[in-house]
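**Q** File input29.cif follows (mmCIF, C-alpha atoms and all ligand atoms):
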data_my_file
#
loop_
_atom_site.group_PDB
_atom_site.id
_atom_site.type_symbol
_atom_site.label_atom_id
_atom_site.label_comp_id
_atom_site.auth_asym_id
_atom_site.auth_seq_id
_atom_site.Cartn_x
_atom_site.Cartn_y
_atom_site.Cartn_z
ATOM 1 C CA MET A 53 13.286 -0.813 15.605
ATOM 2 C CA ILE A 54 11.540 -1.361 12.286
ATOM 3 C CA LYS A 55 13.820 -0.348 9.451
ATOM 4 C CA LYS A 56 12.694 -2.552 6.555
ATOM 5 C CA ALA A 57 9.646 -2.328 4.300
ATOM 6 C CA VAL A 58 8.339 -4.809 1.750
ATOM 7 C CA ILE A 59 6.205 -3.408 -1.067
ATOM 8 C CA PRO A 60 4.333 -6.090 -3.063
ATOM 9 C CA ALA A 61 3.867 -4.725 -6.574
ATOM 10 C CA ALA A 62 3.743 -7.790 -8.817
ATOM 11 C CA GLY A 63 -0.055 -8.092 -9.308
ATOM 12 C CA LEU A 64 -1.742 -7.951 -12.714
ATOM 13 C CA GLY A 65 -4.005 -4.974 -12.011
ATOM 14 C CA THR A 66 -6.909 -6.479 -13.960
ATOM 15 C CA ARG A 67 -9.364 -3.972 -12.446
ATOM 16 C CA PHE A 68 -7.548 -1.203 -14.302
ATOM 17 C CA LEU A 69 -7.247 -2.718 -17.768
ATOM 18 C CA PRO A 70 -6.480 -1.650 -20.456
ATOM 19 C CA ALA A 71 -4.257 0.975 -18.733
ATOM 20 C CA THR A 72 -2.335 -1.825 -17.016
ATOM 21 C CA LYS A 73 -1.849 -3.984 -20.107
ATOM 22 C CA ALA A 74 1.691 -2.734 -20.712
ATOM 23 C CA GLN A 75 2.432 -0.684 -17.592
ATOM 24 C CA PRO A 76 2.361 -1.541 -13.882
ATOM 25 C CA LYS A 77 -0.695 -0.252 -11.996
ATOM 26 C CA GLU A 78 1.716 0.907 -9.276
ATOM 27 C CA MET A 79 3.048 3.407 -11.870
ATOM 28 C CA LEU A 80 -0.377 4.994 -12.504
ATOM 29 C CA PRO A 81 0.235 8.685 -11.830
ATOM 30 C CA ILE A 82 -1.621 10.724 -9.259
ATOM 31 C CA ILE A 83 -1.269 14.034 -11.127
ATOM 32 C CA ASP A 84 2.497 13.854 -11.874
ATOM 33 C CA THR A 85 3.785 11.264 -9.408
ATOM 34 C CA PRO A 86 3.495 7.484 -9.718
ATOM 35 C CA THR A 87 1.450 5.815 -6.982
ATOM 36 C CA ILE A 88 4.388 3.740 -5.740
ATOM 37 C CA GLN A 89 6.479 6.884 -5.202
ATOM 38 C CA TYR A 90 3.899 8.035 -2.615
ATOM 39 C CA VAL A 91 4.245 4.624 -0.943
ATOM 40 C CA VAL A 92 8.051 4.886 -0.879
ATOM 41 C CA GLN A 93 7.776 8.441 0.495
ATOM 42 C CA GLU A 94 5.453 7.223 3.287
ATOM 43 C CA ALA A 95 8.071 4.577 4.191
ATOM 44 C CA ILE A 96 10.872 7.147 4.316
ATOM 45 C CA ASP A 97 8.717 9.563 6.355
ATOM 46 C CA SER A 98 8.189 6.706 8.834
ATOM 47 C CA GLY A 99 11.918 6.117 9.365
ATOM 48 C CA ILE A 100 12.264 3.117 7.018
ATOM 49 C CA GLU A 101 15.765 2.838 5.552
ATOM 50 C CA ASP A 102 15.563 -0.286 3.426
ATOM 51 C CA ILE A 103 12.831 -1.190 0.934
ATOM 52 C CA LEU A 104 12.279 -4.437 -0.949
ATOM 53 C CA ILE A 105 9.876 -4.132 -3.876
ATOM 54 C CA ILE A 106 8.296 -7.401 -5.021
ATOM 55 C CA SER A 107 8.257 -6.957 -8.753
ATOM 56 C CA GLY A 108 7.378 -9.302 -11.590
ATOM 57 C CA LYS A 109 6.626 -9.676 -15.271
ATOM 58 C CA GLY A 110 5.962 -6.345 -16.992
ATOM 59 C CA LYS A 111 7.126 -4.295 -13.998
ATOM 60 C CA ARG A 112 10.450 -3.001 -15.334
ATOM 61 C CA ALA A 113 9.140 0.585 -15.291
ATOM 62 C CA ILE A 114 9.150 0.517 -11.465
ATOM 63 C CA GLU A 115 12.843 -0.413 -11.388
ATOM 64 C CA ASP A 116 13.664 2.256 -13.968
ATOM 65 C CA HIS A 117 11.703 4.864 -12.030
ATOM 66 C CA PHE A 118 13.783 4.408 -8.880
ATOM 67 C CA ASP A 119 17.047 4.291 -10.829
ATOM 68 C CA ARG A 120 19.049 7.380 -11.852
ATOM 69 C CA ASN A 121 18.411 8.651 -15.398
ATOM 70 C CA THR A 122 21.602 10.629 -15.946
ATOM 71 C CA GLU A 123 20.836 11.331 -19.615
ATOM 72 C CA LEU A 124 17.498 12.964 -18.722
ATOM 73 C CA GLU A 125 19.115 14.885 -15.858
ATOM 74 C CA TYR A 126 21.824 16.155 -18.267
ATOM 75 C CA ILE A 127 19.250 17.298 -20.849
ATOM 76 C CA LEU A 128 17.225 19.120 -18.165
ATOM 77 C CA GLU A 129 20.393 20.844 -16.869
ATOM 78 C CA GLN A 130 21.274 21.939 -20.436
ATOM 79 C CA LYS A 131 17.809 23.481 -20.742
ATOM 80 C CA GLY A 132 18.309 25.367 -17.484
ATOM 81 C CA GLU A 133 15.706 23.270 -15.637
ATOM 82 C CA HIS A 134 17.885 22.857 -12.525
ATOM 83 C CA ASP A 135 15.072 22.299 -9.994
ATOM 84 C CA LEU A 136 13.429 19.645 -12.148
ATOM 85 C CA ALA A 137 16.795 17.925 -12.742
ATOM 86 C CA THR A 138 17.431 17.870 -8.982
ATOM 87 C CA SER A 139 13.975 16.485 -8.157
ATOM 88 C CA ILE A 140 14.438 13.761 -10.816
ATOM 89 C CA SER A 141 17.863 12.781 -9.480
ATOM 90 C CA ARG A 142 16.470 12.610 -5.914
ATOM 91 C CA ILE A 143 13.979 9.887 -6.911
ATOM 92 C CA GLY A 144 16.955 7.668 -7.712
ATOM 93 C CA GLU A 145 18.332 8.246 -4.228
ATOM 94 C CA MET A 146 15.154 8.159 -2.121
ATOM 95 C CA ALA A 147 16.107 5.075 -0.117
ATOM 96 C CA ASN A 148 18.027 1.858 -0.304
ATOM 97 C CA ILE A 149 15.643 0.087 -2.718
ATOM 98 C CA HIS A 150 16.002 -3.577 -3.727
ATOM 99 C CA PHE A 151 13.930 -5.663 -6.102
ATOM 100 C CA ILE A 152 12.995 -9.322 -6.315
ATOM 101 C CA ARG A 153 10.703 -10.888 -8.898
ATOM 102 C CA GLN A 154 7.707 -13.002 -7.982
ATOM 103 C CA LYS A 155 7.892 -15.852 -10.493
ATOM 104 C CA GLN A 156 4.181 -16.696 -10.588
ATOM 105 C CA LEU A 157 1.249 -14.617 -9.432
ATOM 106 C CA ASN A 158 0.259 -16.844 -6.537
ATOM 107 C CA GLY A 159 -1.194 -14.073 -4.397
ATOM 108 C CA LEU A 160 -0.178 -11.516 -1.799
ATOM 109 C CA GLY A 161 0.943 -14.154 0.722
ATOM 110 C CA ASP A 162 3.234 -15.742 -1.864
ATOM 111 C CA ALA A 163 4.616 -12.304 -2.827
ATOM 112 C CA ILE A 164 5.524 -11.574 0.804
ATOM 113 C CA TYR A 165 7.227 -14.967 1.164
ATOM 114 C CA TYR A 166 9.831 -13.724 -1.341
ATOM 115 C CA ALA A 167 11.030 -11.290 1.364
ATOM 116 C CA LYS A 168 12.056 -14.086 3.756
ATOM 117 C CA GLN A 169 15.824 -13.913 3.121
ATOM 118 C CA HIS A 170 15.824 -10.153 3.001
ATOM 119 C CA THR A 171 13.992 -9.489 6.265
ATOM 120 C CA GLY A 172 15.747 -12.314 8.171
ATOM 121 C CA ASP A 173 14.875 -12.253 11.865
ATOM 122 C CA GLU A 174 13.605 -8.649 11.927
ATOM 123 C CA PRO A 175 10.010 -7.402 12.050
ATOM 124 C CA PHE A 176 9.107 -5.431 8.926
ATOM 125 C CA VAL A 177 6.313 -3.376 7.413
ATOM 126 C CA VAL A 178 4.296 -4.507 4.395
ATOM 127 C CA MET A 179 2.909 -1.662 2.294
ATOM 128 C CA LEU A 180 0.695 -2.480 -0.695
ATOM 129 C CA GLY A 181 2.127 -0.798 -3.765
ATOM 130 C CA ASP A 182 -1.284 0.329 -5.017
ATOM 131 C CA THR A 183 -2.549 1.872 -1.768
ATOM 132 C CA ILE A 184 -1.785 5.393 -0.582
ATOM 133 C CA ASN A 185 -2.951 7.334 2.449
ATOM 134 C CA ASP A 186 -3.781 10.875 3.320
ATOM 135 C CA ALA A 187 -2.721 11.227 6.947
ATOM 136 C CA ILE A 188 -1.058 13.822 9.147
ATOM 137 C CA ILE A 189 1.142 11.169 10.782
ATOM 138 C CA PRO A 190 2.142 8.619 8.094
ATOM 139 C CA VAL A 191 0.066 5.454 8.547
ATOM 140 C CA THR A 192 3.233 3.319 8.616
ATOM 141 C CA GLN A 193 4.586 5.483 11.438
ATOM 142 C CA GLN A 194 1.284 5.034 13.332
ATOM 143 C CA LEU A 195 1.608 1.238 12.987
ATOM 144 C CA ILE A 196 5.251 1.268 14.101
ATOM 145 C CA ASP A 197 4.195 3.205 17.228
ATOM 146 C CA ILE A 198 1.582 0.520 18.036
ATOM 147 C CA TYR A 199 4.117 -2.258 17.342
ATOM 148 C CA ASN A 200 6.549 -0.603 19.764
ATOM 149 C CA GLN A 201 3.851 -0.848 22.478
ATOM 150 C CA TYR A 202 2.669 -4.428 21.864
ATOM 151 C CA ARG A 203 5.650 -6.093 20.095
ATOM 152 C CA GLN A 204 3.291 -8.289 18.051
ATOM 153 C CA THR A 205 1.888 -8.313 14.524
ATOM 154 C CA VAL A 206 -0.179 -5.162 13.826
ATOM 155 C CA ILE A 207 -2.646 -4.702 10.973
ATOM 156 C CA ALA A 208 -3.954 -1.312 9.811
ATOM 157 C CA VAL A 209 -7.747 -1.432 9.532
ATOM 158 C CA GLU A 210 -10.577 0.900 8.552
ATOM 159 C CA ARG A 211 -14.339 0.699 8.912
ATOM 160 C CA VAL A 212 -16.186 -0.167 5.688
ATOM 161 C CA PRO A 213 -19.932 -0.319 4.916
ATOM 162 C CA ARG A 214 -21.334 -3.713 5.961
ATOM 163 C CA ASP A 215 -22.677 -4.363 2.446
ATOM 164 C CA LYS A 216 -19.109 -4.143 1.099
ATOM 165 C CA ILE A 217 -17.360 -6.539 3.518
ATOM 166 C CA ASP A 218 -17.172 -9.250 0.852
ATOM 167 C CA MET A 219 -14.585 -7.106 -0.967
ATOM 168 C CA TYR A 220 -12.042 -7.074 1.889
ATOM 169 C CA GLY A 221 -10.140 -9.088 4.451
ATOM 170 C CA ILE A 222 -12.271 -8.592 7.587
ATOM 171 C CA VAL A 223 -10.909 -8.602 11.118
ATOM 172 C CA SER A 224 -12.876 -8.973 14.356
ATOM 173 C CA GLY A 225 -11.664 -8.544 17.904
ATOM 174 C CA ASN A 226 -11.988 -6.804 21.250
ATOM 175 C CA GLU A 227 -11.004 -3.210 21.776
ATOM 176 C CA VAL A 228 -8.045 -3.076 24.191
ATOM 177 C CA SER A 229 -7.335 0.642 23.979
ATOM 178 C CA GLU A 230 -8.476 3.537 21.836
ATOM 179 C CA ARG A 231 -8.443 2.354 18.178
ATOM 180 C CA VAL A 232 -6.550 -0.863 19.082
ATOM 181 C CA TYR A 233 -8.243 -4.290 18.863
ATOM 182 C CA LYS A 234 -6.929 -7.669 19.950
ATOM 183 C CA VAL A 235 -7.859 -9.795 16.955
ATOM 184 C CA ASN A 236 -9.821 -13.035 17.358
ATOM 185 C CA GLN A 237 -10.714 -13.747 13.719
ATOM 186 C CA LEU A 238 -9.618 -12.843 10.195
ATOM 187 C CA ILE A 239 -11.587 -13.838 7.093
ATOM 188 C CA GLU A 240 -10.826 -13.014 3.477
ATOM 189 C CA LYS A 241 -13.865 -11.609 1.617
ATOM 190 C CA PRO A 242 -16.512 -13.018 4.009
ATOM 191 C CA ARG A 243 -20.237 -13.306 3.429
ATOM 192 C CA PRO A 244 -22.206 -11.065 5.833
ATOM 193 C CA ALA A 245 -23.342 -14.138 7.836
ATOM 194 C CA GLN A 246 -19.710 -15.091 8.595
ATOM 195 C CA THR A 247 -18.854 -12.010 10.684
ATOM 196 C CA LYS A 248 -20.464 -9.078 12.490
ATOM 197 C CA SER A 249 -17.380 -6.921 12.021
ATOM 198 C CA ASP A 250 -16.878 -4.038 9.603
ATOM 199 C CA LEU A 251 -13.107 -3.665 10.160
ATOM 200 C CA ALA A 252 -11.278 -4.165 6.874
ATOM 201 C CA VAL A 253 -7.549 -4.653 6.401
ATOM 202 C CA ALA A 254 -6.197 -1.505 4.830
ATOM 203 C CA GLY A 255 -2.949 -2.150 2.970
ATOM 204 C CA ARG A 256 -0.369 -1.731 5.745
ATOM 205 C CA TYR A 257 0.876 -4.433 8.147
ATOM 206 C CA ILE A 258 3.697 -4.898 10.630
ATOM 207 C CA LEU A 259 4.728 -8.539 10.346
ATOM 208 C CA THR A 260 7.295 -10.585 12.221
ATOM 209 C CA PRO A 261 9.345 -13.541 10.923
ATOM 210 C CA ALA A 262 6.677 -15.792 12.541
ATOM 211 C CA ILE A 263 4.550 -15.184 9.421
ATOM 212 C CA TYR A 264 6.879 -17.214 7.147
ATOM 213 C CA PRO A 265 6.152 -20.717 8.551
ATOM 214 C CA MET A 266 2.428 -19.853 8.355
ATOM 215 C CA LEU A 267 2.779 -18.847 4.695
ATOM 216 C CA GLU A 268 4.446 -22.225 4.090
ATOM 217 C CA LYS A 269 1.516 -24.041 5.693
ATOM 218 C CA VAL A 270 -1.422 -22.134 4.288
ATOM 219 C CA LYS A 271 -3.378 -23.771 1.473
ATOM 220 C CA PRO A 272 -4.208 -21.742 -1.659
ATOM 221 C CA GLY A 273 -7.622 -20.091 -1.280
ATOM 222 C CA LYS A 274 -9.760 -18.076 -3.700
ATOM 223 C CA ASN A 275 -8.272 -17.969 -7.253
ATOM 224 C CA LYS A 276 -5.676 -20.521 -6.064
ATOM 225 C CA GLU A 277 -3.804 -17.657 -4.367
ATOM 226 C CA ILE A 278 -1.902 -17.804 -1.062
ATOM 227 C CA GLN A 279 -3.825 -15.277 1.020
ATOM 228 C CA LEU A 280 -1.969 -13.289 3.666
ATOM 229 C CA THR A 281 -5.229 -13.147 5.664
ATOM 230 C CA ASP A 282 -5.297 -16.981 5.883
ATOM 231 C CA ALA A 283 -1.670 -17.063 7.098
ATOM 232 C CA LEU A 284 -2.513 -14.437 9.724
ATOM 233 C CA GLN A 285 -5.505 -16.537 10.858
ATOM 234 C CA LEU A 286 -3.107 -19.496 11.333
ATOM 235 C CA LEU A 287 -0.668 -17.281 13.227
ATOM 236 C CA LEU A 288 -3.496 -16.226 15.532
ATOM 237 C CA GLN A 289 -3.643 -19.773 16.907
ATOM 238 C CA ARG A 290 -0.088 -19.276 18.268
ATOM 239 C CA GLU A 291 0.272 -15.621 19.159
ATOM 240 C CA SER A 292 -1.621 -12.339 19.510
ATOM 241 C CA ILE A 293 -2.330 -10.049 16.594
ATOM 242 C CA PHE A 294 -3.484 -6.460 16.971
ATOM 243 C CA ALA A 295 -5.543 -4.337 14.596
ATOM 244 C CA TYR A 296 -5.311 -0.574 14.622
ATOM 245 C CA ILE A 297 -7.886 1.829 13.164
ATOM 246 C CA PHE A 298 -5.424 4.275 11.651
ATOM 247 C CA GLU A 299 -5.985 8.019 11.573
ATOM 248 C CA GLY A 300 -6.301 9.257 8.019
ATOM 249 C CA ARG A 301 -7.854 8.153 4.782
ATOM 250 C CA ARG A 302 -6.923 5.316 2.497
ATOM 251 C CA PHE A 303 -7.086 5.257 -1.300
ATOM 252 C CA ASP A 304 -6.946 2.010 -3.246
ATOM 253 C CA VAL A 305 -5.561 3.324 -6.496
ATOM 254 C CA GLY A 306 -6.173 -0.030 -8.247
ATOM 255 C CA ASN A 307 -9.913 0.698 -8.020
ATOM 256 C CA LYS A 308 -11.115 3.153 -10.681
ATOM 257 C CA LEU A 309 -13.465 5.223 -8.523
ATOM 258 C CA ASP A 310 -10.859 5.497 -5.756
ATOM 259 C CA TYR A 311 -8.288 6.497 -8.379
ATOM 260 C CA LEU A 312 -10.495 9.409 -9.474
ATOM 261 C CA ARG A 313 -11.112 10.441 -5.841
ATOM 262 C CA THR A 314 -7.390 10.311 -5.076
ATOM 263 C CA THR A 315 -6.557 12.485 -8.057
ATOM 264 C CA VAL A 316 -9.155 15.103 -7.099
ATOM 265 C CA GLU A 317 -8.132 15.168 -3.410
ATOM 266 C CA MET A 318 -4.446 15.416 -4.227
ATOM 267 C CA ALA A 319 -5.052 18.114 -6.849
ATOM 268 C CA LEU A 320 -6.883 20.196 -4.240
ATOM 269 C CA LYS A 321 -3.753 20.042 -2.062
ATOM 270 C CA ARG A 322 -1.455 21.378 -4.802
ATOM 271 C CA GLU A 323 -0.817 25.058 -4.203
ATOM 272 C CA GLU A 324 0.072 25.824 -7.827
ATOM 273 C CA PHE A 325 -3.434 25.088 -9.122
ATOM 274 C CA SER A 326 -5.730 24.177 -6.212
ATOM 275 C CA SER A 327 -7.894 27.334 -6.406
ATOM 276 C CA GLN A 328 -8.269 27.122 -10.215
ATOM 277 C CA PHE A 329 -9.090 23.439 -9.921
ATOM 278 C CA LEU A 330 -11.656 24.075 -7.171
ATOM 279 C CA ASP A 331 -13.362 26.692 -9.382
ATOM 280 C CA PHE A 332 -13.433 24.130 -12.182
ATOM 281 C CA LEU A 333 -14.968 21.480 -9.895
ATOM 282 C CA LYS A 334 -17.630 23.932 -8.692
ATOM 283 C CA SER A 335 -18.582 24.732 -12.280
ATOM 284 C CA VAL A 336 -18.774 21.013 -13.127
ATOM 285 C CA VAL A 337 -21.052 20.398 -10.113
ATOM 286 C CA ALA A 338 -23.231 23.400 -10.960
ATOM 287 C CA GLN A 339 -23.609 22.135 -14.551
ATOM 288 C CA ALA A 340 -24.429 18.623 -13.383
ATOM 289 C CA GLU A 341 -27.067 19.906 -10.941
ATOM 290 C CA LYS A 342 -28.813 21.847 -13.720
ATOM 291 C CA LYS A 343 -29.339 18.630 -15.679
HETATM 292 P P1 LIG B 401 -4.424 -6.751 -5.522
HETATM 293 O O1 LIG B 401 -5.226 -7.960 -5.353
HETATM 294 O O2 LIG B 401 -5.054 -5.412 -5.334
HETATM 295 O O3 LIG B 401 -3.646 -6.716 -6.907
HETATM 296 O O4 LIG B 401 -3.122 -6.884 -4.619
HETATM 297 P P2 LIG B 401 -3.972 -7.263 -8.332
HETATM 298 O O5 LIG B 401 -4.151 -8.726 -8.303
HETATM 299 O O6 LIG B 401 -2.879 -6.704 -9.170
HETATM 300 O O7 LIG B 401 -5.315 -6.459 -8.675
HETATM 301 P P3 LIG B 401 -6.550 -6.819 -9.620
HETATM 302 O O8 LIG B 401 -7.582 -7.370 -8.677
HETATM 303 O O9 LIG B 401 -6.085 -7.781 -10.668
HETATM 304 O O10 LIG B 401 -6.949 -5.492 -10.200
HETATM 305 C C1 LIG B 401 -2.626 -5.886 -3.730
HETATM 306 C C2 LIG B 401 -1.130 -5.684 -3.927
HETATM 307 O O11 LIG B 401 -0.437 -6.917 -3.887
HETATM 308 C C3 LIG B 401 0.349 -7.098 -5.062
HETATM 309 C C4 LIG B 401 -0.261 -6.162 -6.106
HETATM 310 O O12 LIG B 401 0.725 -5.724 -7.028
HETATM 311 C C5 LIG B 401 -0.809 -5.016 -5.257
HETATM 312 O O13 LIG B 401 0.137 -4.000 -5.069
HETATM 313 N N1 LIG B 401 0.329 -8.522 -5.467
HETATM 314 C C6 LIG B 401 -0.840 -9.204 -5.607
HETATM 315 C C7 LIG B 401 1.528 -9.179 -5.714
HETATM 316 O O14 LIG B 401 2.623 -8.567 -5.566
HETATM 317 N N2 LIG B 401 1.503 -10.488 -6.108
HETATM 318 C C8 LIG B 401 0.336 -11.187 -6.263
HETATM 319 O O15 LIG B 401 0.392 -12.391 -6.630
HETATM 320 C C9 LIG B 401 -0.868 -10.507 -6.008
#
Represent the supplied structure as structure tokens.

**A**
Amino acid sequence: MIKKAVIPAAGLGTRFLPATKAQPKEMLPIIDTPTIQYVVQEAIDSGIEDILIISGKGKRAIEDHFDRNTELEYILEQKGEHDLATSISRIGEMANIHFIRQKQLNGLGDAIYYAKQHTGDEPFVVMLGDTINDAIIPVTQQLIDIYNQYRQTVIAVERVPRDKIDMYGIVSGNEVSERVYKVNQLIEKPRPAQTKSDLAVAGRYILTPAIYPMLEKVKPGKNKEIQLTDALQLLLQRESIFAYIFEGRRFDVGNKLDYLRTTVEMALKREEFSSQFLDFLKSVVAQAEKK
């Protein structure tokens, strides 16, 4: 049973400056809800009971967000805003959330290593704090289902255009059942000549404690960071790893264009203004096409 999630959220978010100068990118709102709250909700919807957020310098707002704010709740109650007060108090009780601070930004692999004590000898899910999904079955739940079949490390992947593979960790392997690949190679941000694959790691992983000794061994790679992909490549020499093309769509909120797409897609799902917003979008498109 997978009951623990680790959410790395310590990164600088340089692709989203200046918005991320004094606030965590994981707190960037999609309409009215911070990105990381969608991630936490996905964990809860997948049966996760315990969440460790890897936080760091300048990330206090994340801790405050998942704490109770009794003063705000009181003021809202006084104003008669009972529903809003209840929804605000629920955020503070969403799950059993813990925090640990990454002392230096030595990469995703280093961030995950901070979870070693907390996860102990259990398998756990890693969910990037800046990546959300639109899926009927939560992507984390899909991965847990695959883990329950194979009992080995599972990586969520998606197909990306070949000319963009140098932006991702790329996985290659042999298909063993529908959407499931037995991995034979992982490369971080490869050149096109290094791989024929277009399967990119997509922000969700099921890891086992076997990853920790690999993270200890791996040498810093690009930008002197400990890359999770490199540790997984080392692990592959000892045991099987599976990749799963998840059903749904992924949004990397730390990327500006994806952030805009996410906002539009999510707005179109909001009953209270979806039809007005759609009319607005149509008028914008019509205007743009006239030009
Ligand atoms: P990214 O590489 O997207 O994050 O890491 P970044 O470094 O903040 O982004 P840019 O490139 O500067 O814009 C994916 C996830 O891993 C976390 C980030 O917070 C993000 O949620 N991360 C990354 C850490 O927790 N620690 C790190 O050292 C690096």

**Q** Taking only C-alpha atoms and all ligand atoms into account, which residues are within 6 Å of ligand LIG 401 (chain B), as a VMD selection string?

**A** chain A and resid 60 to 68 106 157 to 160 163 180 to 182 306

**Q** Could the residues in this selection be saved with C-alpha atoms as a compact mmCIF listing (two decimals), in the coordinates of the input?

**A**
# COMPACT_ATOMS: atom_id res chain seq x y z
CA PRO A 60 4.33 -6.09 -3.06
CA ALA A 61 3.87 -4.72 -6.57
CA ALA A 62 3.74 -7.79 -8.82
CA GLY A 63 -0.06 -8.09 -9.31
CA LEU A 64 -1.74 -7.95 -12.71
CA GLY A 65 -4.00 -4.97 -12.01
CA THR A 66 -6.91 -6.48 -13.96
CA ARG A 67 -9.36 -3.97 -12.45
CA PHE A 68 -7.55 -1.20 -14.30
CA ILE A 106 8.30 -7.40 -5.02
CA LEU A 157 1.25 -14.62 -9.43
CA ASN A 158 0.26 -16.84 -6.54
CA GLY A 159 -1.19 -14.07 -4.40
CA LEU A 160 -0.18 -11.52 -1.80
CA ALA A 163 4.62 -12.30 -2.83
CA LEU A 180 0.70 -2.48 -0.70
CA GLY A 181 2.13 -0.80 -3.76
CA ASP A 182 -1.28 0.33 -5.02
CA GLY A 306 -6.17 -0.03 -8.25

**Q** For the file shown, what are the residues hit by the PyMOL selection byres (((chain A and resi 236) around 10) and not hetatm), laid out as a list in words?

**A**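 That selection, the PyMOL selection byres (((chain A and resi 236) around 10) and not hetatm), comes back as Val223, Ser224, Gly225, Asn226, Tyr233, Lys234, Val235, Gln237, Leu238, Gln285, Leu288, Gln289, Ser292, Ile293 and Phe294 of chain A.
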
**Q** Using only C-alpha atoms, can you tell me which of A:Met266, A:Leu287, A:Ala340, A:Val212 comes closest to Ser249 (chain A)?

**A**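 So, comparing all the options, the nearest one is A:Val212.
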
**Q** Determine the residue set returned by the PyMOL selection byres (((chain A and resi 313) around 12) and not hetatm) for the present structure, and present it as a ChimeraX atom specification.

**A** /A:82-83,184,186,301-312,314-320

**Q** Looking at only C-alpha atoms, which of A:Val178, A:Gly273, A:Gln279, A:Gln156 is the one that sits closest to Ile258 (chain A)?

**A**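 Checking each candidate against Ile258 (chain A), we get A:Val178 as the closest.
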
**Q** Calculate how many Å separate CA of Met53 (chain A) from CA of Ala95 (chain A), rounding to one decimal.

**A** 13.7 Å

**Q** Tell me which of A:Met219, A:Ile152, A:Leu251, A:Ala57 sits closest to Glu174 (chain A), counting all atoms listed in the file.

**A**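 Residue with the minimum atom-to-atom distance to Glu174 (chain A): A:Ala57.
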
**Q** In Å, with one decimal, what is the gap from CA of Ala262 (chain A) to CA of Gln194 (chain A)?

**A** 21.5 Å

**Q** When distances are computed from only C-alpha atoms, which of A:Ser98, A:Ser229, A:Leu80, A:Ile140 shows the smallest separation from Glu123 (chain A)?

**A** A:Ile140

**Q** Go ahead and compute the interatomic distance for CA of Pro190 (chain A) and CA of Leu333 (chain A), in Å to one decimal.

**A**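 Atom-to-atom, CA of Pro190 (chain A) and CA of Leu333 (chain A) are spaced 28.0 Å apart.
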
**Q** Taking only C-alpha atoms into account, name the residue in A:His150, A:Arg243, A:Arg322, A:Arg120 that is nearest to Thr138 (chain A).

**A**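 For Thr138 (chain A), the nearest of the given residues is A:Arg120.
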
**Q** Given the PyMOL selection byres (((chain A and resi 296) around 8) and not hetatm) and the file above, list the residues it selects as an MDAnalysis selection string.

**A** chainID A and resid 195 198 206:209 231:233 294:295 297:298

**Q** Padding of 3 Å on every side, edges along x, y and z, all listed atoms of region 216-224 of chain A included: what centre and edge lengths in Å, to one decimal, does that box have, as lines of an AutoDock Vina configuration file?

**A**
center_x = -14.6
center_y = -6.7
center_z = 6.7
size_x = 15.0
size_y = 11.1
size_z = 21.3

**Q** Considering all atoms listed in the file, state which residue in the set A:Lys271, A:Lys55, A:Lys111, A:Lys216 is at the smallest distance from Gln193 (chain A).

**A** A:Lys55

**Q** Tell me, as JSON, numbers by chain, which residues lie within 12 Å of Glu268 (chain A), counting only C-alpha atoms; anything in the same chain fewer than 5 positions away does not count.

**A** {"A": [161, 162, 164, 165, 166, 168, 262, 263, 278, 279, 280, 282, 283, 284, 286, 287]}

**Q** Include C-alpha atoms and write out the residues we just selected as a compact mmCIF listing (two decimals), keeping the file's coordinate frame.

**A**
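Result went into result_23.txt, see below:
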# COMPACT_ATOMS: atom_id res chain seq x y z
CA GLY A 161 0.94 -14.15 0.72
CA ASP A 162 3.23 -15.74 -1.86
CA ILE A 164 5.52 -11.57 0.80
CA TYR A 165 7.23 -14.97 1.16
CA TYR A 166 9.83 -13.72 -1.34
CA LYS A 168 12.06 -14.09 3.76
CA ALA A 262 6.68 -15.79 12.54
CA ILE A 263 4.55 -15.18 9.42
CA ILE A 278 -1.90 -17.80 -1.06
CA GLN A 279 -3.82 -15.28 1.02
CA LEU A 280 -1.97 -13.29 3.67
CA ASP A 282 -5.30 -16.98 5.88
CA ALA A 283 -1.67 -17.06 7.10
CA LEU A 284 -2.51 -14.44 9.72
CA LEU A 286 -3.11 -19.50 11.33
CA LEU A 287 -0.67 -17.28 13.23
